[in-house]
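Trainee: Could you have a look at this structure, given as structure tokens, before my questions?
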Amino acid sequence: MSEKLVVIGAGMASGRVLEELFEAAPGRYSVTLFGAEPRGNYNRIMLSPVLSGEKTYEEIITHDADWYSAHGVTCRFGERVTGIDRDKKVVFSDAGETPYDKLLLATGSDPFIIPAPGHDLPGVLTYRDLDDTNAMIGAAAKPGAKAVVIGGGLLGLEAAAGLKMRGMDVTVLHLMGHLMERQLDAAAGYLLEKELKGRGIHVHTRANTHEIVGSDKVEAVRLDDGTEYEADIVVMAVGIRPSTGLASSSGLMCGRGVHVDDAMVSSDESVLAVGECVEHRGLCYGLVAPLYDMAKVAAQTLAGHDAAYTGSVTSTKLKVTGVDLFSAGDFAEGEGREEIVLRDPTRGVYKRLVIEENKIVGVVLYGDTQDGAWFFGLLKDKTDIAEMRETVIFGPSFAGGAPVDPMAAVAALPDDAEICGCNGVCKGTIVQSIQSGAGDLDAVRGGTKASSSCGTCTGLVEQLLAVTMGDAYAAPAAKPVCGCTDLTHEDVRRIIKAGKITSMAGAMQECGWKTSCGCHICRPALNYYLLSDFPDAYRDDPQSRFVNERNHANIQKDGTFSVVPRMWGGITNPKELRAIADVAERFDVPTVKVTGGQRIDLLGVKKEDLPEVWRELNDAGLVSGHAYAKGLRTVKTCVGTDHCRFGTQDSTGLGIKIEKRMWGSWTPHKVKMAVSGCPRNCAEATCKDIGVICVDSGYEVSVAGAAGMDLKQTQPLAKTETEDEAIDLIVAFTQLYRENAKYLDRPYRWVEKVGMDWVRARVVDDLEERLALVARFDFSQSIYQTDPWAERAEEQQSRQFRPLADLTLQAAE
């Protein structure tokens with residue numbers, strides 16, 4: 001008969017224990033799992049992408065209901081354990097008593113709340129679980145909402161970044177002199193602060209919170225020096241404490257955490273503990289890798305095998321707001337220590353090694369962390385670096401002074417080198433998985449979880465596949481469009497062009513589609529390729545559209561829609577504003593928001609009201625802003641020479657000309673542009689898909705920027721003296737992108753593949769090809785540059801929100 005194992009805490013540490021236990025001793029235990037949250041194990045590391053809107057909760061679930069069912073786990077989620085009787089071997093909850101033979105405590109940690117006046121006001125939140133995340137998302141939905149985040153460590157900065165991406169005005173308050181002082185030295189902390197400020201997040205260091213101001217709810221945060229920041233919410237992210245209340249009340253030995261030995265057994269031989277609630281050899285850990293190491297040992301102990309956890313030398317590999325950071329060891333200055341520093345301001349790279357007695361004792365990497373595992377291995381192994389002292393800062397590829405094959409550097413990593421920080425997977429585990437038959441990236445992911453979360457370790461995992469399998473490893477082929485075909489996007493487009501195919505059915509026939517009608521992935525791509533290559537012969541397929549495209553508006557999470565009228569170059573007038581106000585009042589639009597693209601967004605429009613909303617906006621002269629489009633979104637401008645004393649050219653006028661020339665154009669993905677009237681760059685032109693900086697001598701056109709999850713400064717395309725030539729360069733670049741890029745690739749991804757030299761050769765150097773590209777663009781515009789909102793309500797009803805033959809209506813998924 002199986003033994004009874006009760007687990008208290010359904011987080012990542014206990015989840016890993018169960019995974020290891022079911023593999024080591026299948027069927028030995030009947031498991032009951034308690035969790036305070038009303039849900040099972042999910043990847044808490046990935047809460048930040050959920051907060052920012054880049055992932056959903058469903059995408060970060062680690063163990064779903066089927067997994068628990070398959071392993072016979074009795075789930076008691078949302079049921080809090082209130083006590084433990086160790087003599088009777090039972091735990092108490094609201095539902096009564098539950099007996100155990102073995103008990104596993106994985107109660108995690110509790111967020112620290114600053115005991116400042118007002119800390120218990122409504123609107124003061126912590127950031128530990130999905131409920132906290134959902135509360136912040138709800139607060140961010142309020143137009144113009146402001147957030148103050150107290151704490152400039154990892155969690156605080158992740159909260160700040162996510163709330164900023166949700167549209168909030170965010171201020172970070174940090175007690176110490178620089179951000180993330182436990183992981184970064186002052187120089188790297190300064191670079192991070194500068195980066196955050198550049199993204200619109202205000203940072204106040206040496207900020208001691210005096211009071212949280214408010215009566216019925218949070219209104220502001222006041223510092224000791226009298227500075228006050230308005231706030232609709234305050235997020236406390238100042239630290240955590242091991243959650244030991246349950247263990248302590250049951251008489252288990254506790255210090256800062258629950259005391260455990262090397263087998264992860266507490267002072268009661270029937271009770272084990274793992275995770276953030278644990279104190280082992282005087283240390284408590286809050287990073288995932290040590291927690292997973294503990295979990296492996298606890299599982300072996302429960303399985304009746306000998307195993308020992310001897311502690312962890314920790315490293316931290318972080319991705320805060322899109323900036324790569326790595327730190328390990330002790331990087332404080334001290335007698336007998338020296339440091340090697342590499343600074344590359346152009347690339348935004350900073351590296352610092354702290355050396356003592358020819359051994360690395362501390363590492364800080366900012367902006368480029370690919371060598372972090374190698375440096376960490378040298379630190380852990382206490383390697384004497386005397387012979388590579390002059391080149392060590394450049395990484396393993398130049399260790400010893402001569403370039404080394406990167407594959408050899410990966411092969412030289414020790415088996416315990418951590419490859420995947422999100423899931424605590426080391427090189428040895430990955431190699432063992434490969435040797436056991438995992439022959440590609442997906443197989444390694446499935447077997448080890450490496451590269452399955454944030455993805456920053458994917459390159460290393462692929463290198464390990466190549467090193468371990470040798471000639472037997474086949475480098476990953478380009479992915480097919482979807483399951484309907486084995487062909488890549490590039491293959492399909494080449495066949496369409498070569499065969500002059502002008503119908504969806506013809507394309508599927510010629511490409512050997514496995515299905516007769518395609519799917520939701522391939523149909524939009526085929527529709528785009530056909531329309532882009534043969535705008536005069538192909539007609540748009542209304543069924544090959546995303547929901548936003550079919551409705552000419554962005555669907556919201558409650559099923560309502562967002563309507564964004566176009567405002568040329570961000571310019572409007574009283575008539576347009578009056579019309580927008582009238583529509584908002586007549587149709588009870590709950591939220592009217594100014595967007596980052598200098599437009600006004602009507603949020604919360606009911607689906608059945610869309611035709612009448614469009615009609616009234618059309619009557620006022622407003623047309624669709626294509627905020628849902630795989631096409632031109634906006635051309636952001638500053639006021640230029642019309643009003644600004646620093647303006648060098650008429651940036652507003654140029655922006656309007658570009659937008660009127662290009663609106664309604666379809667592209668593989670959304671395209672955002674900006675024109676700044678001087679190098680001060682108020683319109684943020686250097687992080688757009690296409691940007692123009694006005695200077696005294698004319699115009700500097702640059703392309704392939706990004707400001708989302710990937711941050712890319714634009715690359716120079718050309719300098720020109722006239723507006724007309726600047727517009728032609730922009731139009732030609734856009735057409736080249738339209739004709740050659742893979743569907744759903746942003747311009748910066750496409751340029752990475754083809755190279756800027758190839759682009760400049762066709763758009764800048766070859767005048768004849770530039771003019772031909774412009775002519776093809778203008779030809780398409782002559783056919784399809786129409787306003788979808790101009791369709792009358794009766795036409796919409798005859799075929800529900802029928803799209804026009806215009807790929808500008810492509811929507812962001």
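Going through the structure tokens in order, the chains are called A, B, and so on, while each chain numbers its residues from 1 and the ligands are numbered from 1 in the order shown.
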Using only C-alpha atoms, find each residue in region 763-797 of chain A having at least one atom no more than 12 Å away from region 737-757 of chain A; report its shortest atom-to-atom pair and that distance in Å (one decimal), rows by chain then rising number, as a Markdown table.

Mentor:
| residue | atom | partner | partner_atom | distance |
| --- | --- | --- | --- | --- |
| A:Val763 | CA | A:Asp757 | CA | 10.0 |
| A:Val764 | CA | A:Asp757 | CA | 9.9 |
| A:Asp765 | CA | A:Asp757 | CA | 10.0 |
| A:Leu773 | CA | A:Glu739 | CA | 9.4 |
| A:Val774 | CA | A:Arg738 | CA | 11.8 |
| A:Arg776 | CA | A:Glu739 | CA | 10.0 |
| A:Phe777 | CA | A:Arg738 | CA | 9.2 |
| A:Ser780 | CA | A:Arg738 | CA | 11.3 |

Trainee: Per DSSP on the backbone, what are the strand (DSSP E or B) residues of region 38-236 of chain A, as JSON, numbers by chain?

Mentor: {"A": [42, 61, 74, 75, 76, 77, 81, 82, 83, 84, 85, 90, 91, 92, 93, 96, 97, 98, 99, 102, 103, 104, 105, 109, 110, 111, 124, 125, 126, 146, 147, 148, 149, 150, 169, 170, 171, 172, 173, 174, 202, 203, 204, 205, 209, 210, 211, 212, 213, 214, 218, 219, 220, 221, 222, 223, 228, 229, 230, 233, 234, 235, 236]}

Trainee: Please provide the set of residues having any atom within 10 Å of Gln370 (chain A), restricted to only C-alpha atoms, with same-chain residues fewer than 3 positions apart removed, written as a list in words.

Mentor: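 The residues satisfying every condition are Asp324, Leu325, Phe326, Leu365, Gly367, Ala373, Trp374, Phe375, Gly395, Thr456, Cys457, Gly459 and Leu460 of chain A.
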
Trainee: Kindly save the residues from that selection, with all heavy atoms included, as a compact mmCIF listing (two decimals), in the first residue's frame.

Mentor:
# COMPACT_ATOMS: atom_id res chain seq x y z
N ASP A 324 19.79 42.69 -20.75
CA ASP A 324 20.40 41.48 -20.21
C ASP A 324 21.39 41.84 -19.11
O ASP A 324 22.25 42.71 -19.27
CB ASP A 324 21.14 40.73 -21.32
CG ASP A 324 20.18 40.09 -22.31
OD1 ASP A 324 19.18 39.52 -21.85
OD2 ASP A 324 20.42 40.18 -23.52
N LEU A 325 21.28 41.13 -17.98
CA LEU A 325 22.16 41.34 -16.84
C LEU A 325 22.60 39.99 -16.30
O LEU A 325 21.84 39.02 -16.33
CB LEU A 325 21.43 42.09 -15.71
CG LEU A 325 20.73 43.40 -16.04
CD1 LEU A 325 19.86 43.83 -14.87
CD2 LEU A 325 21.76 44.47 -16.33
N PHE A 326 23.83 39.93 -15.82
CA PHE A 326 24.32 38.72 -15.17
C PHE A 326 25.24 39.13 -14.05
O PHE A 326 26.08 40.02 -14.21
CB PHE A 326 25.10 37.84 -16.17
CG PHE A 326 25.69 36.60 -15.55
CD1 PHE A 326 25.00 35.40 -15.57
CD2 PHE A 326 26.95 36.63 -14.95
CE1 PHE A 326 25.54 34.26 -15.00
CE2 PHE A 326 27.50 35.49 -14.37
CZ PHE A 326 26.78 34.30 -14.40
N LEU A 365 27.95 41.52 -15.60
CA LEU A 365 27.81 41.70 -17.03
C LEU A 365 26.53 42.48 -17.30
O LEU A 365 25.48 42.13 -16.75
CB LEU A 365 27.76 40.36 -17.76
CG LEU A 365 28.87 39.35 -17.48
CD1 LEU A 365 28.62 38.05 -18.25
CD2 LEU A 365 30.23 39.93 -17.85
N GLY A 367 24.29 44.06 -20.64
CA GLY A 367 24.11 44.24 -22.08
C GLY A 367 24.55 43.07 -22.93
O GLY A 367 24.02 42.86 -24.01
N ALA A 373 27.87 31.93 -18.27
CA ALA A 373 28.07 30.56 -17.76
C ALA A 373 29.56 30.22 -17.66
O ALA A 373 30.01 29.55 -16.72
CB ALA A 373 27.35 29.57 -18.67
N TRP A 374 30.34 30.69 -18.63
CA TRP A 374 31.78 30.41 -18.62
C TRP A 374 32.46 31.11 -17.44
O TRP A 374 33.23 30.51 -16.70
CB TRP A 374 32.39 30.84 -19.94
CG TRP A 374 33.85 30.53 -20.07
CD1 TRP A 374 34.42 29.29 -20.21
CD2 TRP A 374 34.93 31.47 -20.06
NE1 TRP A 374 35.80 29.41 -20.30
CE2 TRP A 374 36.14 30.73 -20.22
CE3 TRP A 374 35.00 32.85 -19.96
CZ2 TRP A 374 37.39 31.34 -20.26
CZ3 TRP A 374 36.24 33.47 -20.01
CH2 TRP A 374 37.42 32.72 -20.14
N PHE A 375 32.17 32.40 -17.27
CA PHE A 375 32.74 33.13 -16.14
C PHE A 375 32.32 32.49 -14.82
O PHE A 375 33.12 32.39 -13.88
CB PHE A 375 32.29 34.60 -16.18
CG PHE A 375 32.97 35.43 -17.22
CD1 PHE A 375 32.24 36.16 -18.14
CD2 PHE A 375 34.35 35.51 -17.28
CE1 PHE A 375 32.85 36.94 -19.12
CE2 PHE A 375 34.99 36.29 -18.25
CZ PHE A 375 34.23 36.99 -19.16
N GLY A 395 36.09 36.73 -22.98
CA GLY A 395 35.31 35.51 -22.99
C GLY A 395 36.05 34.31 -23.52
O GLY A 395 37.23 34.40 -23.92
N THR A 456 16.28 32.81 -23.60
CA THR A 456 17.60 33.41 -23.80
C THR A 456 18.72 32.37 -23.88
O THR A 456 19.80 32.67 -24.37
CB THR A 456 17.93 34.40 -22.66
OG1 THR A 456 17.83 33.72 -21.41
CG2 THR A 456 16.97 35.57 -22.67
N CYS A 457 18.45 31.15 -23.43
CA CYS A 457 19.48 30.11 -23.47
C CYS A 457 19.36 29.23 -24.70
O CYS A 457 20.12 28.25 -24.84
CB CYS A 457 19.42 29.24 -22.21
SG CYS A 457 17.88 28.31 -22.05
N GLY A 459 20.29 29.47 -27.80
CA GLY A 459 21.51 29.32 -28.57
C GLY A 459 22.48 28.34 -27.93
O GLY A 459 23.10 27.51 -28.61
N LEU A 460 22.63 28.42 -26.60
CA LEU A 460 23.53 27.51 -25.90
C LEU A 460 23.04 26.06 -26.00
O LEU A 460 23.84 25.13 -26.17
CB LEU A 460 23.64 27.92 -24.43
CG LEU A 460 24.66 29.00 -24.09
CD1 LEU A 460 24.56 29.38 -22.62
CD2 LEU A 460 26.07 28.54 -24.40

Trainee: Using backbone DSSP assignments, extract all alpha helix (DSSP H) residues from region 544-686 of chain A; output them as a PyMOL selection string.

Mentor: chain A and resi 547-551+574-586+610-619+651-662

Trainee: Figure out the distance between CA of Lys672 (chain A) and CA of Phe733 (chain A), please, to one decimal in Å.

Mentor: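 Atom-to-atom, CA of Phe733 (chain A) to CA of Lys672 (chain A), that is 13.3 Å.
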
Trainee: I want to know what sits within 8 Å of Glu219 (chain A), based on only C-alpha atoms, with residues of the same chain fewer than 6 positions away left out; could you give that as an MDAnalysis selection string?

Mentor: chainID A and resid 212:213 230:233

Trainee: Please build the interface table for region 142-242 of chain A against region 674-692 of chain A with a cut-off of 12 Å, listing for each qualifying residue the nearest atom pair and the distance in Å to one decimal; count only C-alpha atoms, order rows by chain and increasing number, and write it as JSON lines.

Mentor:
{"residue": "A:Gly198", "atom": "CA", "partner": "A:Glu684", "partner_atom": "CA", "distance": 10.4}
{"residue": "A:Arg199", "atom": "CA", "partner": "A:Glu684", "partner_atom": "CA", "distance": 10.5}
{"residue": "A:Gly200", "atom": "CA", "partner": "A:Glu684", "partner_atom": "CA", "distance": 11.6}

Trainee: Calculate how many Å separate CA of Asp293 (chain A) from CA of Arg241 (chain A), rounding to one decimal.

Mentor: 20.0 Å

Trainee: Using only C-alpha atoms, determine which residues lie at most 10 Å from Gly377 (chain A), disregarding the query and same-chain residues fewer than 2 positions distant; provide the list as a list in words.

Mentor: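 Counting only C-alpha atoms, the residues come to Ile360, Gly372, Ala373, Trp374, Phe375, Leu379, Lys380, Asp381, Lys382, Thr383, Ala412, Leu413, Pro414, Asp415, Asp416, Ala417 and Glu418 of chain A.
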
Trainee: Keeping all heavy atoms, export the residues of the selection given above as a short mmCIF file (atom, residue, chain, number, x, y, z; two decimals), in the first residue's frame.

Mentor:
data_model
loop_
_atom_site.label_atom_id
_atom_site.label_comp_id
_atom_site.auth_asym_id
_atom_site.auth_seq_id
_atom_site.Cartn_x
_atom_site.Cartn_y
_atom_site.Cartn_z
N ILE A 360 38.81 34.54 -10.17
CA ILE A 360 37.62 35.40 -10.29
C ILE A 360 36.73 35.18 -9.08
O ILE A 360 36.34 34.04 -8.78
CB ILE A 360 36.84 35.09 -11.59
CG1 ILE A 360 37.68 35.45 -12.82
CG2 ILE A 360 35.53 35.86 -11.61
CD1 ILE A 360 37.03 35.08 -14.14
N GLY A 372 28.30 34.45 -19.57
CA GLY A 372 28.07 34.36 -18.14
C GLY A 372 28.33 32.97 -17.57
O GLY A 372 28.94 32.83 -16.51
N ALA A 373 27.87 31.93 -18.27
CA ALA A 373 28.07 30.56 -17.76
C ALA A 373 29.56 30.22 -17.66
O ALA A 373 30.01 29.55 -16.72
CB ALA A 373 27.35 29.57 -18.67
N TRP A 374 30.34 30.69 -18.63
CA TRP A 374 31.78 30.41 -18.62
C TRP A 374 32.46 31.11 -17.44
O TRP A 374 33.23 30.51 -16.70
CB TRP A 374 32.39 30.84 -19.94
CG TRP A 374 33.85 30.53 -20.07
CD1 TRP A 374 34.42 29.29 -20.21
CD2 TRP A 374 34.93 31.47 -20.06
NE1 TRP A 374 35.80 29.41 -20.30
CE2 TRP A 374 36.14 30.73 -20.22
CE3 TRP A 374 35.00 32.85 -19.96
CZ2 TRP A 374 37.39 31.34 -20.26
CZ3 TRP A 374 36.24 33.47 -20.01
CH2 TRP A 374 37.42 32.72 -20.14
N PHE A 375 32.17 32.40 -17.27
CA PHE A 375 32.74 33.13 -16.14
C PHE A 375 32.32 32.49 -14.82
O PHE A 375 33.12 32.39 -13.88
CB PHE A 375 32.29 34.60 -16.18
CG PHE A 375 32.97 35.43 -17.22
CD1 PHE A 375 32.24 36.16 -18.14
CD2 PHE A 375 34.35 35.51 -17.28
CE1 PHE A 375 32.85 36.94 -19.12
CE2 PHE A 375 34.99 36.29 -18.25
CZ PHE A 375 34.23 36.99 -19.16
N LEU A 379 34.57 30.97 -11.75
CA LEU A 379 34.40 31.43 -10.36
C LEU A 379 34.16 30.24 -9.43
O LEU A 379 34.82 30.11 -8.39
CB LEU A 379 33.23 32.41 -10.30
CG LEU A 379 32.93 33.08 -8.96
CD1 LEU A 379 32.31 34.47 -9.19
CD2 LEU A 379 31.96 32.27 -8.11
N LYS A 380 33.23 29.36 -9.80
CA LYS A 380 32.90 28.22 -8.93
C LYS A 380 34.09 27.27 -8.76
O LYS A 380 34.33 26.75 -7.67
CB LYS A 380 31.72 27.43 -9.50
CG LYS A 380 30.38 28.08 -9.30
CD LYS A 380 29.25 27.07 -9.38
CE LYS A 380 29.28 26.29 -10.68
NZ LYS A 380 28.18 25.30 -10.75
N ASP A 381 34.82 27.05 -9.85
CA ASP A 381 35.94 26.11 -9.79
C ASP A 381 37.21 26.73 -9.24
O ASP A 381 38.24 26.05 -9.10
CB ASP A 381 36.23 25.56 -11.19
CG ASP A 381 35.06 24.76 -11.74
OD1 ASP A 381 34.21 24.32 -10.94
OD2 ASP A 381 34.98 24.60 -12.98
N LYS A 382 37.15 28.03 -8.95
CA LYS A 382 38.32 28.75 -8.44
C LYS A 382 39.54 28.56 -9.35
O LYS A 382 40.66 28.30 -8.91
CB LYS A 382 38.64 28.31 -7.01
CG LYS A 382 37.49 28.57 -6.04
CD LYS A 382 37.83 28.14 -4.62
CE LYS A 382 36.66 28.43 -3.68
NZ LYS A 382 36.96 28.00 -2.28
N THR A 383 39.27 28.71 -10.65
CA THR A 383 40.29 28.50 -11.66
C THR A 383 41.35 29.61 -11.61
O THR A 383 41.01 30.79 -11.51
CB THR A 383 39.65 28.47 -13.06
OG1 THR A 383 38.67 27.43 -13.10
CG2 THR A 383 40.69 28.23 -14.14
N ALA A 412 33.79 22.88 -23.35
CA ALA A 412 34.66 22.94 -22.17
C ALA A 412 33.91 23.30 -20.90
O ALA A 412 34.47 23.18 -19.80
CB ALA A 412 35.78 23.96 -22.41
N LEU A 413 32.67 23.71 -21.00
CA LEU A 413 31.90 24.05 -19.80
C LEU A 413 31.74 22.80 -18.94
O LEU A 413 31.51 21.70 -19.44
CB LEU A 413 30.51 24.57 -20.18
CG LEU A 413 30.43 25.95 -20.83
CD1 LEU A 413 29.00 26.24 -21.28
CD2 LEU A 413 30.90 27.03 -19.86
N PRO A 414 31.85 22.94 -17.61
CA PRO A 414 31.64 21.79 -16.73
C PRO A 414 30.19 21.33 -16.74
O PRO A 414 29.29 22.10 -17.10
CB PRO A 414 32.04 22.32 -15.35
CG PRO A 414 31.82 23.80 -15.45
CD PRO A 414 32.15 24.18 -16.86
N ASP A 415 29.95 20.09 -16.33
CA ASP A 415 28.60 19.54 -16.37
C ASP A 415 27.63 20.31 -15.47
O ASP A 415 26.43 20.33 -15.72
CB ASP A 415 28.61 18.06 -15.96
CG ASP A 415 29.10 17.15 -17.07
OD1 ASP A 415 29.18 17.64 -18.22
OD2 ASP A 415 29.40 15.98 -16.80
N ASP A 416 28.16 20.92 -14.40
CA ASP A 416 27.26 21.63 -13.50
C ASP A 416 27.08 23.09 -13.88
O ASP A 416 26.45 23.86 -13.15
CB ASP A 416 27.75 21.53 -12.05
CG ASP A 416 29.13 22.15 -11.85
OD1 ASP A 416 29.75 22.55 -12.86
OD2 ASP A 416 29.58 22.22 -10.69
N ALA A 417 27.58 23.50 -15.06
CA ALA A 417 27.37 24.87 -15.52
C ALA A 417 25.89 25.07 -15.82
O ALA A 417 25.28 24.30 -16.57
CB ALA A 417 28.19 25.15 -16.77
N GLU A 418 25.32 26.10 -15.24
CA GLU A 418 23.89 26.36 -15.44
C GLU A 418 23.67 26.94 -16.84
O GLU A 418 24.27 27.94 -17.21
CB GLU A 418 23.36 27.34 -14.39
CG GLU A 418 21.87 27.56 -14.50
CD GLU A 418 21.36 28.53 -13.44
OE1 GLU A 418 21.36 29.75 -13.72
OE2 GLU A 418 20.99 28.07 -12.36
#

Trainee: CA of Lys197 (chain A) and CA of Leu632 (chain A), how far apart in Å?

Mentor: 27.9 Å

Trainee: Counting only C-alpha atoms, which residues of region 224-313 of chain A sit at most 12 Å from some atom of region 42-64 of chain A, and what is each one's closest atom pair with its distance in Å to one decimal, listed by chain and rising residue number, as a Markdown table?

Mentor:
| residue | atom | partner | partner_atom | distance |
| --- | --- | --- | --- | --- |
| A:Gly286 | CA | A:Ile45 | CA | 11.6 |
| A:Leu287 | CA | A:Ile45 | CA | 9.9 |
| A:Val288 | CA | A:Ile45 | CA | 8.6 |
| A:Ala289 | CA | A:Ile45 | CA | 11.8 |

Trainee: Put those residues in a file: N, CA and C atoms, as a PDB file, in the first residue's frame.

Mentor:
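Saved result, again.pdb, follows:
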ATOM      1  N   GLY A 286      16.651  32.661  -2.575  1.00  0.00           N
ATOM      2  CA  GLY A 286      15.449  33.137  -3.250  1.00  0.00           C
ATOM      3  C   GLY A 286      15.491  32.974  -4.753  1.00  0.00           C
ATOM      4  N   LEU A 287      16.553  32.344  -5.272  1.00  0.00           N
ATOM      5  CA  LEU A 287      16.683  32.139  -6.705  1.00  0.00           C
ATOM      6  C   LEU A 287      16.247  30.729  -7.075  1.00  0.00           C
ATOM      7  N   VAL A 288      15.867  30.553  -8.317  1.00  0.00           N
ATOM      8  CA  VAL A 288      15.242  29.291  -8.708  1.00  0.00           C
ATOM      9  C   VAL A 288      16.234  28.136  -8.760  1.00  0.00           C
ATOM     10  N   ALA A 289      17.469  28.369  -9.180  1.00  0.00           N
ATOM     11  CA  ALA A 289      18.421  27.261  -9.309  1.00  0.00           C
ATOM     12  C   ALA A 289      18.667  26.535  -7.988  1.00  0.00           C
TER      13      ALA A 289
END

Trainee: Find the residue from A:Thr515, A:Ala307, A:Val7, A:Ala704 that sits nearest to Val271 (chain A); use only C-alpha atoms when measuring.

Mentor: A:Val7

Trainee: Fewer than 4 positions away in the same chain doesn't count, so skip those; otherwise give me all residues within 10 Å of Met508 (chain A), counting only C-alpha atoms, as a list of chain:residue names.

Mentor: A:Cys484, A:Thr485, A:Val492, A:Ile496, A:Ile501, A:Ser503, A:Met504, A:Gly512, A:Trp513, A:Lys514, A:Thr515, A:Ser516, A:Cys517, A:Gly518, A:Cys522, A:Arg523, A:Leu526

Trainee: Kindly indicate which residue among A:Tyr538, A:Trp789, A:Phe376, A:Tyr784 lies nearest to Arg566 (chain A), using only C-alpha atoms for the distances.

Mentor: A:Trp789

Trainee: Show which residues sit within 9 Å of Val364 (chain A), as a list in words. Count only C-alpha atoms, and ignore same-chain residues fewer than 5 positions away.

Mentor: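 Close residues of Val364 (chain A): Gln183, Leu184, Asp185, Ala188, Leu325, Phe326, Ser327, Ala328, Gly329, Phe331, Tyr350, Lys351, Arg352, Leu353, Val354 and Gly372 of chain A.
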
Trainee: When you count only C-alpha atoms, which of these residues is closest to Leu192 (chain A): A:Met264, A:Leu154, A:Ala472, A:Ile580?

Mentor: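 Ranked by minimum distance to Leu192 (chain A), first place goes to A:Leu154.
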
Trainee: Using only C-alpha atoms, pick whichever of A:Gln509, A:Asn358, A:Thr429, A:Thr667 has the shortest atom-to-atom distance to Arg445 (chain A).

Mentor: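 Looking at the shortest contact to Arg445 (chain A), the residue is A:Thr429.
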
Trainee: Restricting the calculation to only C-alpha atoms: of A:Gly167, A:Pro117, A:Gly604, A:Pro565, which residue gets closest to Val589 (chain A)?

Mentor: A:Gly604

Trainee: A:Arg633, A:His520, A:Lys89, A:Arg493: which is nearest Ala507 (chain A), counting only C-alpha atoms?

Mentor: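 Once distances to Ala507 (chain A) are computed over only C-alpha atoms, the minimum belongs to A:Arg493.
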